[in-house]
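*Asks:* Below is the structure I would like to discuss, written out as structure tokens.
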Amino acid sequence: MSFDLRFTKGQGTGNDFVLFADPEGDLELTPEQIRAVCDRRFGVGADGVIRAVRSSNLAAGADALAEDAAAVWFMDYWNADGSVSEMCGNGIRVYAAYLLDQGLAELPDGGELVIGTRAGVRHVRRAGSGYQADLGVWRLAGGEPLVRAKNLPVARPGLGIDVGNPHVVVALADEAELEGLDLGYLPVLDPEPEAGANVEFVVPADPLVEDGVGRIRMRVHERGSGETLSCGTGAVASALAVRHWAGAGAPDAWRVQVPGGVLGVRMVNAPDGEHVSLSGPAELVYDGVLALA
Ligand SMILES: N[C@@H](CCC[C@H](N)C(=O)O)C(=O)O
């Protein structure tokens, strides 16, 4: 049986998403349907799909509500291959813009949206013409897998970082090496983390720090989506990794240039540990209807 999916297309630094509202949680798309929506030739085309569902109508939403009763909306996220992810840093800003655009939530000046995700409750506020999301407490994932990628002459050690979803960050020698990578091929990790990982390749800008802000360039191969123009949680993981490698005195504010634009990352101490926040643009591009089988 086919049905019409009313959707909005949105993007943040070129990481693009199909968003749809399903407040009651009646419309659980299958992995095949997600792949059909994200197909860039036969579907709408996107790096991921986001369902706006009330936390009270989703099993995973119960945890969010237990953490914070204000998390009435849940960001239900799928990668383009139909797999579920815990978190999406660009997606959560676009999701905030979508909730506001659809009149599903309000954001008074200086206020914040409280959003349930599989990685926990996240807070989003306006920042300039975009949004800033507190992605919570980060942690070293405890692994340094060797990473092989197409056109990378030798395997390099990566650093495992968890920001709600899994990342492995790899430092490259220079811009030429970054540009020469062919991320149309899946990077191979040894050992391969059980749940897979998003893999970021980074190089420092020259100078690394300007006006107290660290500066890096990044490309990414996203778990479940392949190479994308940007990955918000990947930008955060990259800034954290480079700060870790730079050692004492490295800044807590970073500017991450990705193929689709620029993202801001900031580390801030809080009672429960060091939080990391991500800021950047979020745009809703168009609305449409897709017939799905
Ligand atoms: N593009 C996102 C991350 C989306 C999920 C990721 N591919 C995963 O599987 O963890 C971002 O902006 O963070």
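Just remember, in the structure tokens the first chain shown is A, the second B, etc., residues are 1-based per chain, and ligands are 1-based in the order shown.
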Determine, counting only C-alpha atoms, which protein, DNA and RNA residues have an atom within 12 Å of an atom of Gly234 in chain A; residues of the same chain fewer than 2 positions away are not included. Present the result as JSON, numbers by chain.
*Replies:* {"A": [15, 87, 88, 89, 90, 135, 160, 161, 162, 163, 164, 165, 166, 167, 168, 169, 170, 197, 198, 199, 200, 201, 202, 217, 218, 219, 220, 221, 222, 223, 227, 228, 229, 230, 231, 232, 236, 237, 238, 239, 240, 241, 256, 257, 258, 263, 264, 265, 278]}
*Asks:* Take the residues that were just selected and, keeping N, CA and C atoms, output them as a short mmCIF file (atom, residue, chain, number, x, y, z; two decimals), in the first residue's frame.
*Replies:*
```
data_model
loop_
_atom_site.label_atom_id
_atom_site.label_comp_id
_atom_site.auth_asym_id
_atom_site.auth_seq_id
_atom_site.Cartn_x
_atom_site.Cartn_y
_atom_site.Cartn_z
N ASN A 15 24.98 19.31 5.18
CA ASN A 15 24.55 17.98 5.67
C ASN A 15 23.03 18.04 5.58
N MET A 87 22.65 10.19 17.55
CA MET A 87 22.80 11.64 17.62
C MET A 87 23.19 12.22 16.28
N CYS A 88 22.79 13.46 16.02
CA CYS A 88 23.23 14.17 14.83
C CYS A 88 23.35 15.66 15.18
N GLY A 89 24.58 16.17 15.11
CA GLY A 89 24.82 17.55 15.54
C GLY A 89 24.29 18.59 14.57
N ASN A 90 24.42 18.34 13.26
CA ASN A 90 23.81 19.26 12.30
C ASN A 90 22.30 19.06 12.31
N LEU A 135 25.91 19.45 23.32
CA LEU A 135 25.91 18.01 23.02
C LEU A 135 26.29 17.17 24.24
N GLY A 160 39.55 7.37 19.17
CA GLY A 160 38.12 7.13 19.35
C GLY A 160 37.52 8.14 20.32
N ILE A 161 36.45 8.80 19.88
CA ILE A 161 35.78 9.80 20.72
C ILE A 161 34.27 9.56 20.65
N ASP A 162 33.63 9.61 21.81
CA ASP A 162 32.19 9.41 21.89
C ASP A 162 31.53 10.73 22.27
N VAL A 163 30.68 11.22 21.39
CA VAL A 163 29.91 12.44 21.72
C VAL A 163 28.41 12.11 21.65
N GLY A 164 28.11 10.90 22.09
CA GLY A 164 26.73 10.41 21.98
C GLY A 164 26.63 9.42 20.85
N ASN A 165 27.41 9.63 19.81
CA ASN A 165 27.61 8.64 18.73
C ASN A 165 29.12 8.45 18.55
N PRO A 166 29.54 7.36 17.90
CA PRO A 166 30.97 7.01 17.87
C PRO A 166 31.75 7.66 16.72
N HIS A 167 32.94 8.14 17.05
CA HIS A 167 33.82 8.77 16.04
C HIS A 167 35.24 8.25 16.20
N VAL A 168 35.96 8.24 15.08
CA VAL A 168 37.41 8.00 15.10
C VAL A 168 38.02 9.14 14.29
N VAL A 169 38.93 9.88 14.92
CA VAL A 169 39.52 11.06 14.27
C VAL A 169 40.97 10.74 13.89
N VAL A 170 41.34 11.09 12.67
CA VAL A 170 42.67 10.79 12.14
C VAL A 170 43.34 12.10 11.73
N ALA A 197 31.78 3.32 13.17
CA ALA A 197 32.17 4.67 13.60
C ALA A 197 32.11 5.63 12.43
N ASN A 198 31.88 6.88 12.76
CA ASN A 198 32.06 7.96 11.79
C ASN A 198 33.56 8.25 11.80
N VAL A 199 34.16 8.46 10.63
CA VAL A 199 35.62 8.66 10.59
C VAL A 199 35.92 10.06 10.04
N GLU A 200 36.63 10.84 10.84
CA GLU A 200 36.99 12.21 10.44
C GLU A 200 38.49 12.31 10.17
N PHE A 201 38.83 13.03 9.13
CA PHE A 201 40.23 13.29 8.77
C PHE A 201 40.46 14.79 8.95
N VAL A 202 41.52 15.15 9.69
CA VAL A 202 41.71 16.56 10.03
C VAL A 202 43.12 17.03 9.72
N ARG A 217 40.69 21.96 9.50
CA ARG A 217 39.87 21.54 8.36
C ARG A 217 39.55 20.07 8.53
N MET A 218 38.38 19.67 8.08
CA MET A 218 37.95 18.29 8.30
C MET A 218 37.18 17.75 7.11
N ARG A 219 37.40 16.48 6.80
CA ARG A 219 36.49 15.75 5.90
C ARG A 219 36.02 14.51 6.64
N VAL A 220 34.88 13.99 6.23
CA VAL A 220 34.27 12.91 7.01
C VAL A 220 33.71 11.83 6.12
N HIS A 221 33.79 10.60 6.62
CA HIS A 221 33.01 9.49 6.07
C HIS A 221 32.06 9.07 7.18
N GLU A 222 30.76 9.37 6.97
CA GLU A 222 29.79 9.09 8.03
C GLU A 222 29.34 7.64 8.00
N ARG A 223 29.27 7.06 9.17
CA ARG A 223 28.66 5.73 9.33
C ARG A 223 27.24 5.79 8.75
N GLU A 227 30.52 9.65 2.42
CA GLU A 227 31.09 11.00 2.56
C GLU A 227 29.96 12.03 2.52
N THR A 228 29.99 12.96 3.46
CA THR A 228 29.00 14.06 3.47
C THR A 228 29.76 15.38 3.48
N LEU A 229 29.04 16.46 3.22
CA LEU A 229 29.69 17.78 3.19
C LEU A 229 29.99 18.30 4.59
N SER A 230 29.43 17.65 5.59
CA SER A 230 29.63 18.11 6.96
C SER A 230 29.08 17.08 7.92
N CYS A 231 29.64 17.06 9.13
CA CYS A 231 29.09 16.23 10.21
C CYS A 231 29.31 17.01 11.50
N GLY A 232 28.23 17.40 12.14
CA GLY A 232 28.34 18.25 13.33
C GLY A 232 29.04 17.55 14.48
N VAL A 236 32.82 18.28 16.22
CA VAL A 236 33.05 18.34 17.67
C VAL A 236 34.15 17.33 18.06
N ALA A 237 34.01 16.10 17.56
CA ALA A 237 35.01 15.06 17.87
C ALA A 237 36.39 15.49 17.36
N SER A 238 36.43 16.11 16.18
CA SER A 238 37.72 16.54 15.60
C SER A 238 38.38 17.61 16.46
N ALA A 239 37.59 18.59 16.89
CA ALA A 239 38.15 19.66 17.74
C ALA A 239 38.66 19.06 19.05
N LEU A 240 37.88 18.13 19.61
CA LEU A 240 38.31 17.50 20.87
C LEU A 240 39.61 16.72 20.66
N ALA A 241 39.72 16.01 19.55
CA ALA A 241 40.93 15.20 19.29
C ALA A 241 42.14 16.12 19.10
N VAL A 256 35.78 24.94 12.85
CA VAL A 256 36.02 23.75 12.03
C VAL A 256 35.49 23.99 10.62
N GLN A 257 36.40 24.01 9.66
CA GLN A 257 35.97 24.19 8.27
C GLN A 257 35.74 22.83 7.64
N VAL A 258 34.53 22.67 7.11
CA VAL A 258 34.15 21.43 6.44
C VAL A 258 33.81 21.79 4.99
N LEU A 263 31.75 25.45 11.16
CA LEU A 263 31.05 25.16 12.42
C LEU A 263 31.89 25.64 13.59
N GLY A 264 31.22 26.02 14.68
CA GLY A 264 31.92 26.44 15.89
C GLY A 264 31.77 25.38 16.98
N VAL A 265 32.85 25.15 17.71
CA VAL A 265 32.84 24.15 18.79
C VAL A 265 33.39 24.83 20.04
N LEU A 278 28.05 22.83 19.93
CA LEU A 278 28.25 22.99 18.48
C LEU A 278 27.36 24.12 18.00
#
```
*Asks:* Using DSSP assignments from the backbone, pull out every residue in range 43-264 of chain A that falls under strand (DSSP E) and give it to me as a VMD selection string.
*Replies:* chain A and resid 48 to 54 73 to 79 113 to 117 120 to 127 130 to 137 139 to 140 146 to 148 156 to 162 166 to 171 188 to 190 198 to 210 213 to 222 226 to 228 253 to 258 261 to 264
*Asks:* Might you pull out every residue within 9 Å of Ala97 in chain A, with only C-alpha atoms counted and same-chain residues fewer than 4 positions away left off, and present them as an NGL selection string?
*Replies:* :A and (10 or 92-93 or 101-102 or 130-131 or 282-284)
*Asks:* For CA of Gly120 in chain A and CA of Arg35 in chain A, determine how far apart the two atoms are, in Å to one decimal place.
*Replies:*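 Pair CA of Gly120 in chain A / CA of Arg35 in chain A returns 25.6 Å.
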*Asks:* Taking only C-alpha atoms and all ligand atoms into account, which of A:Ile115, A:Ala80, A:Val262, A:Val147 comes nearest ligand 1?
*Replies:*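 For ligand 1, the nearest of the candidates is A:Ala80.
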